[in-house]
>>> print(open('final28.csv').read())   # CSV, N, CA and C atoms
chain,number,residue,atom,x,y,z
F,1,MET,N,-19.9,9.0,-19.8
F,1,MET,CA,-18.7,9.8,-19.9
F,1,MET,C,-17.5,9.3,-19.2
F,2,ARG,N,-17.7,8.7,-18.1
F,2,ARG,CA,-16.6,8.2,-17.3
F,2,ARG,C,-15.8,7.1,-18.1
F,3,GLN,N,-16.6,6.1,-18.7
F,3,GLN,CA,-15.9,5.0,-19.4
F,3,GLN,C,-15.2,5.5,-20.6
F,4,ALA,N,-15.8,6.5,-21.3
F,4,ALA,CA,-15.2,7.1,-22.5
F,4,ALA,C,-13.8,7.7,-22.2
F,5,THR,N,-13.8,8.4,-21.1
F,5,THR,CA,-12.5,9.0,-20.6
F,5,THR,C,-11.5,7.9,-20.3
F,6,ILE,N,-11.9,6.9,-19.5
F,6,ILE,CA,-11.0,5.8,-19.2
F,6,ILE,C,-10.4,5.2,-20.5
F,7,THR,N,-11.3,5.0,-21.4
F,7,THR,CA,-10.8,4.4,-22.7
F,7,THR,C,-9.9,5.3,-23.4
F,8,LEU,N,-10.1,6.6,-23.4
F,8,LEU,CA,-9.2,7.6,-24.0
F,8,LEU,C,-7.9,7.5,-23.4
F,9,ILE,N,-7.8,7.5,-22.1
F,9,ILE,CA,-6.5,7.5,-21.4
F,9,ILE,C,-5.8,6.1,-21.7
F,10,GLN,N,-6.5,5.1,-21.7
F,10,GLN,CA,-5.9,3.8,-22.1
F,10,GLN,C,-5.3,3.8,-23.5
F,11,ARG,N,-6.1,4.4,-24.4
F,11,ARG,CA,-5.6,4.5,-25.8
F,11,ARG,C,-4.3,5.4,-25.9
F,12,TYR,N,-4.3,6.4,-25.1
F,12,TYR,CA,-3.1,7.3,-25.0
F,12,TYR,C,-1.9,6.5,-24.6
F,13,TYR,N,-2.0,5.8,-23.6
F,13,TYR,CA,-0.8,5.0,-23.1
F,13,TYR,C,-0.5,3.8,-24.0
F,14,ALA,N,-1.5,3.2,-24.6
F,14,ALA,CA,-1.2,2.1,-25.6
F,14,ALA,C,-0.4,2.7,-26.8
F,15,ALA,N,-0.8,3.9,-27.2
F,15,ALA,CA,-0.1,4.5,-28.4
F,15,ALA,C,1.4,4.8,-27.9
F,16,PHE,N,1.5,5.3,-26.7
F,16,PHE,CA,2.9,5.6,-26.2
F,16,PHE,C,3.7,4.3,-26.2
F,17,ASN,N,3.2,3.2,-25.6
F,17,ASN,CA,3.9,2.0,-25.6
F,17,ASN,C,4.2,1.4,-27.0
F,18,ALA,N,3.4,1.7,-27.9
F,18,ALA,CA,3.6,1.2,-29.3
F,18,ALA,C,4.5,2.1,-30.1
F,19,GLY,N,4.9,3.2,-29.5
F,19,GLY,CA,5.7,4.2,-30.2
F,19,GLY,C,5.0,4.9,-31.3
F,20,ASP,N,3.6,4.9,-31.3
F,20,ASP,CA,2.8,5.5,-32.3
F,20,ASP,C,2.5,6.9,-31.9
F,21,MET,N,3.5,7.8,-32.3
F,21,MET,CA,3.4,9.2,-31.9
F,21,MET,C,2.2,9.9,-32.6
F,22,SER,N,1.9,9.5,-33.8
F,22,SER,CA,0.8,10.1,-34.5
F,22,SER,C,-0.5,9.9,-33.7
F,23,THR,N,-0.8,8.7,-33.3
F,23,THR,CA,-2.0,8.4,-32.6
F,23,THR,C,-1.9,9.1,-31.2
F,24,PHE,N,-0.8,9.0,-30.5
F,24,PHE,CA,-0.6,9.5,-29.2
F,24,PHE,C,-0.9,11.0,-29.2
F,25,LEU,N,-0.3,11.8,-30.2
F,25,LEU,CA,-0.4,13.2,-30.2
F,25,LEU,C,-1.8,13.6,-30.7
F,26,GLY,N,-2.4,12.7,-31.5
F,26,GLY,CA,-3.8,13.0,-32.0
F,26,GLY,C,-4.9,12.9,-31.0
F,27,LEU,N,-4.6,12.4,-29.8
F,27,LEU,CA,-5.5,12.3,-28.7
F,27,LEU,C,-5.5,13.5,-27.8
F,28,LEU,N,-4.6,14.5,-28.2
F,28,LEU,CA,-4.4,15.7,-27.4
F,28,LEU,C,-5.2,16.9,-28.2
F,29,ALA,N,-5.8,17.7,-27.4
F,29,ALA,CA,-6.4,19.0,-27.9
F,29,ALA,C,-5.2,19.8,-28.5
F,30,PRO,N,-5.5,20.6,-29.5
F,30,PRO,CA,-4.5,21.5,-30.1
F,30,PRO,C,-3.8,22.4,-29.1
F,31,GLU,N,-4.5,22.9,-28.1
F,31,GLU,CA,-3.9,23.8,-27.1
F,31,GLU,C,-3.7,23.0,-25.7
F,32,VAL,N,-3.4,21.8,-25.8
F,32,VAL,CA,-3.2,21.0,-24.6
F,32,VAL,C,-2.2,21.7,-23.7
F,33,ALA,N,-2.4,21.6,-22.4
F,33,ALA,CA,-1.5,22.1,-21.3
F,33,ALA,C,-0.7,20.9,-20.9
F,34,HIS,N,0.6,20.9,-20.9
F,34,HIS,CA,1.5,19.8,-20.5
F,34,HIS,C,2.4,20.3,-19.3
F,35,ASP,N,2.1,19.7,-18.2
F,35,ASP,CA,2.9,20.0,-17.0
F,35,ASP,C,4.0,19.0,-16.9
F,36,ILE,N,5.2,19.4,-17.2
F,36,ILE,CA,6.3,18.5,-17.2
F,36,ILE,C,6.8,18.3,-15.7
F,37,ASN,N,7.1,17.0,-15.4
F,37,ASN,CA,7.5,16.7,-14.0
F,37,ASN,C,8.6,17.6,-13.6
F,38,GLN,N,8.4,18.3,-12.4
F,38,GLN,CA,9.3,19.2,-11.8
F,38,GLN,C,9.8,20.2,-12.8
F,39,GLY,N,9.0,20.6,-13.7
F,39,GLY,CA,9.4,21.6,-14.7
F,39,GLY,C,8.2,22.6,-15.0
F,40,GLN,N,8.3,23.2,-16.1
F,40,GLN,CA,7.3,24.2,-16.5
F,40,GLN,C,6.1,23.6,-17.2
F,41,ARG,N,5.1,24.5,-17.4
F,41,ARG,CA,4.0,24.1,-18.2
F,41,ARG,C,4.2,24.6,-19.7
F,42,GLU,N,4.0,23.7,-20.6
F,42,GLU,CA,4.1,24.0,-22.0
F,42,GLU,C,2.7,23.9,-22.6
F,43,ILE,N,2.4,24.8,-23.5
F,43,ILE,CA,1.0,24.8,-24.2
F,43,ILE,C,1.2,24.4,-25.6
F,44,GLY,N,0.3,23.5,-26.1
F,44,GLY,CA,0.1,23.2,-27.5
F,44,GLY,C,0.7,21.8,-27.9
F,45,ARG,N,-0.1,21.2,-28.8
F,45,ARG,CA,0.3,19.9,-29.3
F,45,ARG,C,1.7,19.9,-30.0
F,46,ALA,N,2.0,21.1,-30.7
F,46,ALA,CA,3.3,21.1,-31.3
F,46,ALA,C,4.4,21.1,-30.3
F,47,ASN,N,4.3,21.8,-29.2
F,47,ASN,CA,5.3,21.8,-28.1
F,47,ASN,C,5.4,20.4,-27.5
F,48,PHE,N,4.3,19.7,-27.4
F,48,PHE,CA,4.3,18.4,-26.8
F,48,PHE,C,5.0,17.4,-27.8
F,49,ALA,N,4.8,17.6,-29.1
F,49,ALA,CA,5.5,16.8,-30.1
F,49,ALA,C,7.0,17.0,-30.0
F,50,ILE,N,7.5,18.2,-29.8
F,50,ILE,CA,8.9,18.5,-29.6
F,50,ILE,C,9.4,17.8,-28.4
F,51,PHE,N,8.7,18.0,-27.3
F,51,PHE,CA,9.1,17.3,-26.0
F,51,PHE,C,9.2,15.8,-26.2
F,52,MET,N,8.2,15.2,-26.9
F,52,MET,CA,8.3,13.7,-27.1
F,52,MET,C,9.4,13.3,-28.0
F,53,ALA,N,9.7,14.1,-29.0
F,53,ALA,CA,10.9,13.8,-29.9
F,53,ALA,C,12.2,13.7,-29.1
F,54,HIS,N,12.3,14.7,-28.2
F,54,HIS,CA,13.5,14.8,-27.3
F,54,HIS,C,13.5,13.5,-26.4
F,55,MET,N,12.4,13.3,-25.7
F,55,MET,CA,12.3,12.1,-24.8
F,55,MET,C,12.6,10.8,-25.5
F,56,ASN,N,12.0,10.6,-26.7
F,56,ASN,CA,12.2,9.4,-27.4
F,56,ASN,C,13.7,9.2,-27.9
F,57,ARG,N,14.4,10.3,-28.1
F,57,ARG,CA,15.8,10.3,-28.5
F,57,ARG,C,16.6,9.9,-27.3
F,58,CYS,N,16.3,10.4,-26.1
F,58,CYS,CA,17.2,10.1,-24.9
F,58,CYS,C,16.8,8.9,-24.1
F,59,TYR,N,15.5,8.4,-24.2
F,59,TYR,CA,15.0,7.4,-23.4
F,59,TYR,C,14.1,6.4,-24.2
F,60,ARG,N,14.2,5.2,-23.8
F,60,ARG,CA,13.2,4.2,-24.3
F,60,ARG,C,12.4,3.7,-23.1
F,61,GLU,N,11.1,3.9,-23.1
F,61,GLU,CA,10.3,3.6,-21.9
F,61,GLU,C,9.1,2.8,-22.3
F,62,GLU,N,8.7,2.0,-21.4
F,62,GLU,CA,7.4,1.2,-21.5
F,62,GLU,C,6.7,1.4,-20.2
F,63,LEU,N,5.4,1.7,-20.3
F,63,LEU,CA,4.6,1.8,-19.1
F,63,LEU,C,3.8,0.6,-18.8
F,64,THR,N,3.9,0.1,-17.6
F,64,THR,CA,3.2,-1.2,-17.2
F,64,THR,C,2.3,-0.9,-16.0
F,65,ASP,N,1.5,-1.9,-15.7
F,65,ASP,CA,0.6,-1.9,-14.5
F,65,ASP,C,-0.3,-0.6,-14.5
F,66,LEU,N,-0.8,-0.3,-15.6
F,66,LEU,CA,-1.6,0.9,-15.8
F,66,LEU,C,-3.0,0.7,-15.1
F,67,GLN,N,-3.3,1.7,-14.2
F,67,GLN,CA,-4.6,1.9,-13.6
F,67,GLN,C,-5.1,3.2,-13.9
F,68,VAL,N,-6.3,3.3,-14.4
F,68,VAL,CA,-6.9,4.6,-14.8
F,68,VAL,C,-8.2,4.8,-14.0
F,69,MET,N,-8.4,6.0,-13.5
F,69,MET,CA,-9.6,6.4,-12.8
F,69,MET,C,-10.2,7.7,-13.4
F,70,ALA,N,-11.5,7.9,-13.4
F,70,ALA,CA,-12.1,9.1,-14.0
F,70,ALA,C,-13.3,9.5,-13.2
F,71,SER,N,-13.5,10.8,-13.3
F,71,SER,CA,-14.7,11.4,-12.6
F,71,SER,C,-16.0,10.9,-13.4
F,72,GLU,N,-17.1,11.0,-12.7
F,72,GLU,CA,-18.3,10.5,-13.3
F,72,GLU,C,-18.6,11.3,-14.6
F,73,ASP,N,-18.3,12.6,-14.7
F,73,ASP,CA,-18.7,13.4,-15.9
F,73,ASP,C,-17.6,13.3,-16.9
F,74,GLY,N,-16.5,12.6,-16.6
F,74,GLY,CA,-15.4,12.3,-17.6
F,74,GLY,C,-14.5,13.5,-17.9
F,75,THR,N,-14.6,14.5,-17.1
F,75,THR,CA,-13.8,15.7,-17.4
F,75,THR,C,-12.4,15.6,-16.7
F,76,ARG,N,-12.2,14.7,-15.8
F,76,ARG,CA,-11.0,14.6,-15.1
F,76,ARG,C,-10.6,13.1,-15.0
F,77,ALA,N,-9.3,12.8,-15.0
F,77,ALA,CA,-8.9,11.4,-14.9
F,77,ALA,C,-7.5,11.4,-14.2
F,78,ALA,N,-7.1,10.3,-13.7
F,78,ALA,CA,-5.8,10.1,-13.1
F,78,ALA,C,-5.4,8.7,-13.6
F,79,ALA,N,-4.1,8.5,-13.7
F,79,ALA,CA,-3.5,7.2,-14.1
F,79,ALA,C,-2.3,7.0,-13.2
F,80,GLU,N,-2.1,5.7,-12.8
F,80,GLU,CA,-0.9,5.3,-12.1
F,80,GLU,C,-0.3,4.2,-12.9
F,81,PHE,N,1.0,4.1,-12.9
F,81,PHE,CA,1.7,3.1,-13.7
F,81,PHE,C,3.2,3.0,-13.3
F,82,CYS,N,3.9,2.0,-13.8
F,82,CYS,CA,5.3,1.9,-13.6
F,82,CYS,C,6.0,2.2,-14.9
F,83,VAL,N,7.0,3.0,-14.8
F,83,VAL,CA,7.9,3.3,-16.0
F,83,VAL,C,9.1,2.4,-16.0
F,84,LEU,N,9.2,1.5,-17.0
F,84,LEU,CA,10.4,0.7,-17.2
F,84,LEU,C,11.2,1.4,-18.3
F,85,GLY,N,12.4,1.9,-18.0
F,85,GLY,CA,13.1,2.7,-18.9
F,85,GLY,C,14.5,2.2,-19.1
F,86,HIS,N,15.1,2.8,-20.2
F,86,HIS,CA,16.4,2.6,-20.6
F,86,HIS,C,17.0,4.0,-21.0
F,87,TYR,N,18.0,4.4,-20.4
F,87,TYR,CA,18.6,5.8,-20.6
F,87,TYR,C,19.6,5.6,-21.7
F,88,LEU,N,19.2,6.2,-22.9
F,88,LEU,CA,20.0,6.0,-24.1
F,88,LEU,C,21.1,7.0,-24.4
F,89,ILE,N,20.7,8.3,-24.3
F,89,ILE,CA,21.6,9.4,-24.7
F,89,ILE,C,21.5,10.4,-23.6
F,90,THR,N,22.7,11.0,-23.2
F,90,THR,CA,22.7,11.9,-22.1
F,90,THR,C,21.8,13.1,-22.4
F,91,ASP,N,21.0,13.4,-21.4
F,91,ASP,CA,20.0,14.5,-21.4
F,91,ASP,C,20.5,15.6,-20.4
F,92,GLU,N,21.4,16.5,-21.0
F,92,GLU,CA,22.0,17.5,-20.2
F,92,GLU,C,20.9,18.3,-19.5
F,93,PRO,N,21.1,18.7,-18.2
F,93,PRO,CA,22.3,18.6,-17.4
F,93,PRO,C,22.3,17.3,-16.5
F,94,LEU,N,21.5,16.3,-16.9
F,94,LEU,CA,21.4,15.1,-16.1
F,94,LEU,C,22.6,14.3,-16.2
F,95,PRO,N,22.8,13.2,-15.3
F,95,PRO,CA,24.0,12.4,-15.4
F,95,PRO,C,24.2,11.8,-16.8
F,96,ALA,N,25.4,11.4,-17.1
F,96,ALA,CA,25.7,10.8,-18.4
F,96,ALA,C,25.0,9.5,-18.6
F,97,ALA,N,24.5,9.3,-19.8
F,97,ALA,CA,23.8,8.0,-20.1
F,97,ALA,C,24.9,6.9,-20.5
F,98,ARG,N,24.6,5.8,-19.9
F,98,ARG,CA,25.5,4.6,-20.1
F,98,ARG,C,24.7,3.4,-20.3
F,99,GLY,N,23.4,3.6,-20.9
F,99,GLY,CA,22.6,2.4,-21.1
F,99,GLY,C,21.9,2.0,-19.8
F,100,GLN,N,21.8,2.8,-18.8
F,100,GLN,CA,21.2,2.4,-17.5
F,100,GLN,C,19.7,2.1,-17.7
F,101,ARG,N,19.3,1.1,-16.9
F,101,ARG,CA,17.9,0.8,-16.8
F,101,ARG,C,17.3,1.3,-15.5
F,102,TYR,N,16.0,1.6,-15.6
F,102,TYR,CA,15.3,2.1,-14.4
F,102,TYR,C,13.9,1.7,-14.3
F,103,SER,N,13.3,1.7,-13.1
F,103,SER,CA,11.9,1.3,-12.9
F,103,SER,C,11.4,2.3,-11.9
F,104,LEU,N,10.4,3.1,-12.3
F,104,LEU,CA,9.8,4.2,-11.5
F,104,LEU,C,8.3,4.1,-11.3
F,105,PRO,N,7.8,4.2,-10.1
F,105,PRO,CA,6.4,4.4,-10.0
F,105,PRO,C,6.1,5.9,-10.5
F,106,ALA,N,5.0,6.0,-11.2
F,106,ALA,CA,4.6,7.4,-11.7
F,106,ALA,C,3.1,7.5,-11.8
F,107,GLY,N,2.7,8.7,-12.1
F,107,GLY,CA,1.3,9.0,-12.2
F,107,GLY,C,1.1,10.2,-13.1
F,108,ALA,N,-0.2,10.4,-13.5
F,108,ALA,CA,-0.5,11.6,-14.3
F,108,ALA,C,-2.0,12.0,-14.0
F,109,PHE,N,-2.2,13.2,-14.2
F,109,PHE,CA,-3.6,13.8,-14.0
F,109,PHE,C,-4.0,14.4,-15.4
F,110,PHE,N,-5.2,14.3,-15.7
F,110,PHE,CA,-5.7,14.7,-17.0
F,110,PHE,C,-7.0,15.5,-16.9
F,111,GLU,N,-7.2,16.5,-17.8
F,111,GLU,CA,-8.4,17.1,-18.0
F,111,GLU,C,-8.8,16.7,-19.5
F,112,VAL,N,-10.1,16.5,-19.7
F,112,VAL,CA,-10.6,16.0,-20.9
F,112,VAL,C,-11.8,16.9,-21.3
F,113,ARG,N,-11.9,17.2,-22.6
F,113,ARG,CA,-13.0,18.0,-23.1
F,113,ARG,C,-13.3,17.5,-24.6
F,114,GLU,N,-14.5,17.2,-24.9
F,114,GLU,CA,-14.9,16.9,-26.2
F,114,GLU,C,-14.1,15.7,-26.8
F,115,GLY,N,-13.8,14.8,-26.0
F,115,GLY,CA,-13.1,13.6,-26.4
F,115,GLY,C,-11.6,13.7,-26.6
F,116,LEU,N,-11.0,14.8,-26.2
F,116,LEU,CA,-9.6,15.1,-26.3
F,116,LEU,C,-9.0,15.4,-25.0
F,117,ILE,N,-7.7,15.1,-24.8
F,117,ILE,CA,-7.0,15.5,-23.6
F,117,ILE,C,-6.6,16.9,-23.7
F,118,THR,N,-7.0,17.7,-22.7
F,118,THR,CA,-6.7,19.1,-22.7
F,118,THR,C,-5.6,19.5,-21.7
F,119,ARG,N,-5.3,18.6,-20.7
F,119,ARG,CA,-4.2,18.8,-19.8
F,119,ARG,C,-3.6,17.5,-19.4
F,120,VAL,N,-2.3,17.4,-19.4
F,120,VAL,CA,-1.6,16.2,-18.8
F,120,VAL,C,-0.5,16.8,-17.8
F,121,SER,N,-0.6,16.3,-16.6
F,121,SER,CA,0.4,16.7,-15.5
F,121,SER,C,1.0,15.4,-15.1
F,122,ASN,N,2.3,15.2,-15.4
F,122,ASN,CA,3.1,14.0,-15.0
F,122,ASN,C,3.9,14.2,-13.8
F,123,TYR,N,3.9,13.1,-13.0
F,123,TYR,CA,4.6,13.1,-11.7
F,123,TYR,C,5.4,11.8,-11.5
F,124,TYR,N,6.7,11.9,-11.1
F,124,TYR,CA,7.5,10.8,-10.7
F,124,TYR,C,8.6,11.4,-9.8
F,125,SER,N,9.3,10.5,-9.1
F,125,SER,CA,10.4,11.0,-8.2
F,125,SER,C,11.7,11.1,-9.0
F,126,LEU,N,12.1,12.4,-9.3
F,126,LEU,CA,13.4,12.6,-9.9
F,126,LEU,C,14.5,12.1,-9.0
F,127,THR,N,14.4,12.2,-7.7
F,127,THR,CA,15.4,11.7,-6.8
F,127,THR,C,15.6,10.2,-7.0
F,128,ASP,N,14.5,9.5,-7.1
F,128,ASP,CA,14.6,8.0,-7.3
F,128,ASP,C,15.3,7.7,-8.7
F,129,TRP,N,14.9,8.4,-9.7
F,129,TRP,CA,15.4,8.2,-11.0
F,129,TRP,C,16.9,8.5,-11.0
F,130,LEU,N,17.3,9.6,-10.4
F,130,LEU,CA,18.8,10.0,-10.3
F,130,LEU,C,19.6,8.9,-9.6
F,131,ALA,N,19.0,8.4,-8.5
F,131,ALA,CA,19.7,7.3,-7.7
F,131,ALA,C,19.9,6.1,-8.6
F,132,GLN,N,18.9,5.8,-9.4
F,132,GLN,CA,19.0,4.6,-10.2
F,132,GLN,C,20.0,4.7,-11.4
F,133,VAL,N,20.0,5.9,-12.0
F,133,VAL,CA,20.9,6.0,-13.1
F,133,VAL,C,22.3,6.4,-12.7
F,134,SER,N,22.5,6.8,-11.5
F,134,SER,CA,23.8,7.2,-11.0
F,134,SER,C,24.6,6.1,-10.3
F,135,ALA,N,23.9,5.0,-10.0
F,135,ALA,CA,24.5,3.8,-9.3
F,135,ALA,C,25.5,3.1,-10.2
>>> encode(input="final28.csv", output="structure tokens")
Amino acid sequence: MRQATITLIQRYYAAFNAGDMSTFLGLLAPEVAHDINQGQREIGRANFAIFMAHMNRCYREELTDLQVMASEDGTRAAAEFCVLGHYLITDEPLPAARGQRYSLPAGAFFEVREGLITRVSNYYSLTDWLAQVSA
């Protein structure tokens, strides 16, 4: 179970990096819980798709240096990675986009059931990101 979950999370991030939103979203349970960094929890694959459409419009990001860990039973996982990004379009009320590039350490926690991701909780330093795009 552990290795199956690690592979699932690796596929999730590979689809993200490839811009393959169909595969990316398909790895989520229909009622996935999405904990947005320093924000609220949204429920459902449809809400996650709306969130990703917004993010992909405002930012271009690639995740590198991915490390994935999972519990023995495969129900929990964590990932650590670096976000290499390009701020494309102003995301109100954040600072104005001017094509700024950024590099952020980040992480995520997952719950998995029946081969699908049922929770994603993302974490990065908003203070660090703001400093990089405001410079």
>>> closest_residue(input="final28.csv", among="F:Thr118, F:Ile9, F:His34, F:Ala49", to="Ala78 of chain F", atoms="all atoms listed in the file")
F:Ile9
>>> select_by_dssp(input="final28.csv", residues="segment 1-94 of chain F", states="strand (DSSP E or B)", output="number ranges by chain")
F: 28-35, 41-43, 59-70, 76-87
>>> atom_distance(input="final28.csv", atom1="atom CA of Ala18 of chain F", atom2="atom N of Val133 of chain F")
24.3 Å
>>> residues_around(input="final28.csv", residues="segment 93-100 of chain F", least_positions_apart="3", cutoff="8 Å", atoms="only C-alpha atoms", output="mmCIF file with N, CA and C atoms, in the frame of the given file")
data_model
loop_
_atom_site.group_PDB
_atom_site.id
_atom_site.type_symbol
_atom_site.label_atom_id
_atom_site.label_comp_id
_atom_site.auth_asym_id
_atom_site.auth_seq_id
_atom_site.Cartn_x
_atom_site.Cartn_y
_atom_site.Cartn_z
ATOM 1 N N HIS F 86 15.100 2.800 -20.200
ATOM 2 C CA HIS F 86 16.400 2.600 -20.600
ATOM 3 C C HIS F 86 17.000 4.000 -21.000
ATOM 4 N N TYR F 87 18.000 4.400 -20.400
ATOM 5 C CA TYR F 87 18.600 5.800 -20.600
ATOM 6 C C TYR F 87 19.600 5.600 -21.700
ATOM 7 N N LEU F 88 19.200 6.200 -22.900
ATOM 8 C CA LEU F 88 20.000 6.000 -24.100
ATOM 9 C C LEU F 88 21.100 7.000 -24.400
ATOM 10 N N ILE F 89 20.700 8.300 -24.300
ATOM 11 C CA ILE F 89 21.600 9.400 -24.700
ATOM 12 C C ILE F 89 21.500 10.400 -23.600
ATOM 13 N N THR F 90 22.700 11.000 -23.200
ATOM 14 C CA THR F 90 22.700 11.900 -22.100
ATOM 15 C C THR F 90 21.800 13.100 -22.400
ATOM 16 N N LEU F 130 17.300 9.600 -10.400
ATOM 17 C CA LEU F 130 18.800 10.000 -10.300
ATOM 18 C C LEU F 130 19.600 8.900 -9.600
ATOM 19 N N GLN F 132 18.900 5.800 -9.400
ATOM 20 C CA GLN F 132 19.000 4.600 -10.200
ATOM 21 C C GLN F 132 20.000 4.700 -11.400
ATOM 22 N N VAL F 133 20.000 5.900 -12.000
ATOM 23 C CA VAL F 133 20.900 6.000 -13.100
ATOM 24 C C VAL F 133 22.300 6.400 -12.700
ATOM 25 N N SER F 134 22.500 6.800 -11.500
ATOM 26 C CA SER F 134 23.800 7.200 -11.000
ATOM 27 C C SER F 134 24.600 6.100 -10.300
#
>>> closest_residue(input="final28.csv", among="F:Asp20, F:Glu31, F:Asp65, F:Glu80", to="Ala108 of chain F", atoms="only C-alpha atoms")
F:Glu80
>>> atom_distance(input="final28.csv", atom1="atom N of Gln3 of chain F", atom2="atom C of Arg119 of chain F")
17.3 Å
>>> closest_residue(input="final28.csv", among="F:Glu111, F:Cys82, F:Leu27, F:Glu92", to="Ser125 of chain F", atoms="only C-alpha atoms")
F:Cys82
>>> atom_distance(input="final28.csv", atom1="atom N of Asp35 of chain F", atom2="atom CA of Arg101 of chain F")
24.7 Å
>>> residues_around(input="final28.csv", residues="Ala70 of chain F", least_positions_apart="6", cutoff="8 Å", atoms="only C-alpha atoms", output="short mmCIF file (atom, residue, chain, number, x, y, z; two decimals) with N, CA and C atoms, in the frame of the given file")
data_model
loop_
_atom_site.label_atom_id
_atom_site.label_comp_id
_atom_site.auth_asym_id
_atom_site.auth_seq_id
_atom_site.Cartn_x
_atom_site.Cartn_y
_atom_site.Cartn_z
N ARG F 2 -17.70 8.70 -18.10
CA ARG F 2 -16.60 8.20 -17.30
C ARG F 2 -15.80 7.10 -18.10
N GLN F 3 -16.60 6.10 -18.70
CA GLN F 3 -15.90 5.00 -19.40
C GLN F 3 -15.20 5.50 -20.60
N THR F 5 -13.80 8.40 -21.10
CA THR F 5 -12.50 9.00 -20.60
C THR F 5 -11.50 7.90 -20.30
N ILE F 6 -11.90 6.90 -19.50
CA ILE F 6 -11.00 5.80 -19.20
C ILE F 6 -10.40 5.20 -20.50
N ARG F 76 -12.20 14.70 -15.80
CA ARG F 76 -11.00 14.60 -15.10
C ARG F 76 -10.60 13.10 -15.00
N ALA F 77 -9.30 12.80 -15.00
CA ALA F 77 -8.90 11.40 -14.90
C ALA F 77 -7.50 11.40 -14.20
N ALA F 78 -7.10 10.30 -13.70
CA ALA F 78 -5.80 10.10 -13.10
C ALA F 78 -5.40 8.70 -13.60
#
>>> residues_around(input="final28.csv", residues="Tyr123 of chain F", least_positions_apart="3", cutoff="6.5 Å", atoms="only N, CA and C atoms", output="compact mmCIF listing (two decimals) with N, CA and C atoms, in the frame of the given file")
# COMPACT_ATOMS: atom_id res chain seq x y z
N ASN F 37 7.10 17.00 -15.40
CA ASN F 37 7.50 16.70 -14.00
C ASN F 37 8.60 17.60 -13.60
N GLN F 38 8.40 18.30 -12.40
CA GLN F 38 9.30 19.20 -11.80
C GLN F 38 9.80 20.20 -12.80
N PRO F 105 7.80 4.20 -10.10
CA PRO F 105 6.40 4.40 -10.00
C PRO F 105 6.10 5.90 -10.50
N ALA F 106 5.00 6.00 -11.20
CA ALA F 106 4.60 7.40 -11.70
C ALA F 106 3.10 7.50 -11.80
N GLY F 107 2.70 8.70 -12.10
CA GLY F 107 1.30 9.00 -12.20
C GLY F 107 1.10 10.20 -13.10
N ALA F 108 -0.20 10.40 -13.50
CA ALA F 108 -0.50 11.60 -14.30
C ALA F 108 -2.00 12.00 -14.00
N PHE F 109 -2.20 13.20 -14.20
CA PHE F 109 -3.60 13.80 -14.00
C PHE F 109 -4.00 14.40 -15.40
>>> residues_near_point(input="final28.csv", point="(7.3, 6.1, -18.3)", cutoff="7 Å", atoms="all atoms listed in the file", output="ChimeraX atom specification")
/F:61-64,82-85
>>> write_last_selection(input="final28.csv", atoms="N, CA and C atoms", output="short mmCIF file (atom, residue, chain, number, x, y, z; two decimals), in the frame of the given file")
data_model
loop_
_atom_site.label_atom_id
_atom_site.label_comp_id
_atom_site.auth_asym_id
_atom_site.auth_seq_id
_atom_site.Cartn_x
_atom_site.Cartn_y
_atom_site.Cartn_z
N GLU F 61 11.10 3.90 -23.10
CA GLU F 61 10.30 3.60 -21.90
C GLU F 61 9.10 2.80 -22.30
N GLU F 62 8.70 2.00 -21.40
CA GLU F 62 7.40 1.20 -21.50
C GLU F 62 6.70 1.40 -20.20
N LEU F 63 5.40 1.70 -20.30
CA LEU F 63 4.60 1.80 -19.10
C LEU F 63 3.80 0.60 -18.80
N THR F 64 3.90 0.10 -17.60
CA THR F 64 3.20 -1.20 -17.20
C THR F 64 2.30 -0.90 -16.00
N CYS F 82 3.90 2.00 -13.80
CA CYS F 82 5.30 1.90 -13.60
C CYS F 82 6.00 2.20 -14.90
N VAL F 83 7.00 3.00 -14.80
CA VAL F 83 7.90 3.30 -16.00
C VAL F 83 9.10 2.40 -16.00
N LEU F 84 9.20 1.50 -17.00
CA LEU F 84 10.40 0.70 -17.20
C LEU F 84 11.20 1.40 -18.30
N GLY F 85 12.40 1.90 -18.00
CA GLY F 85 13.10 2.70 -18.90
C GLY F 85 14.50 2.20 -19.10
#
>>> select_by_dssp(input="final28.csv", residues="chain F", states="alpha helix (DSSP H)", output="NGL selection string")
:F and (2-18 or 21-26 or 45-58 or 126-134)
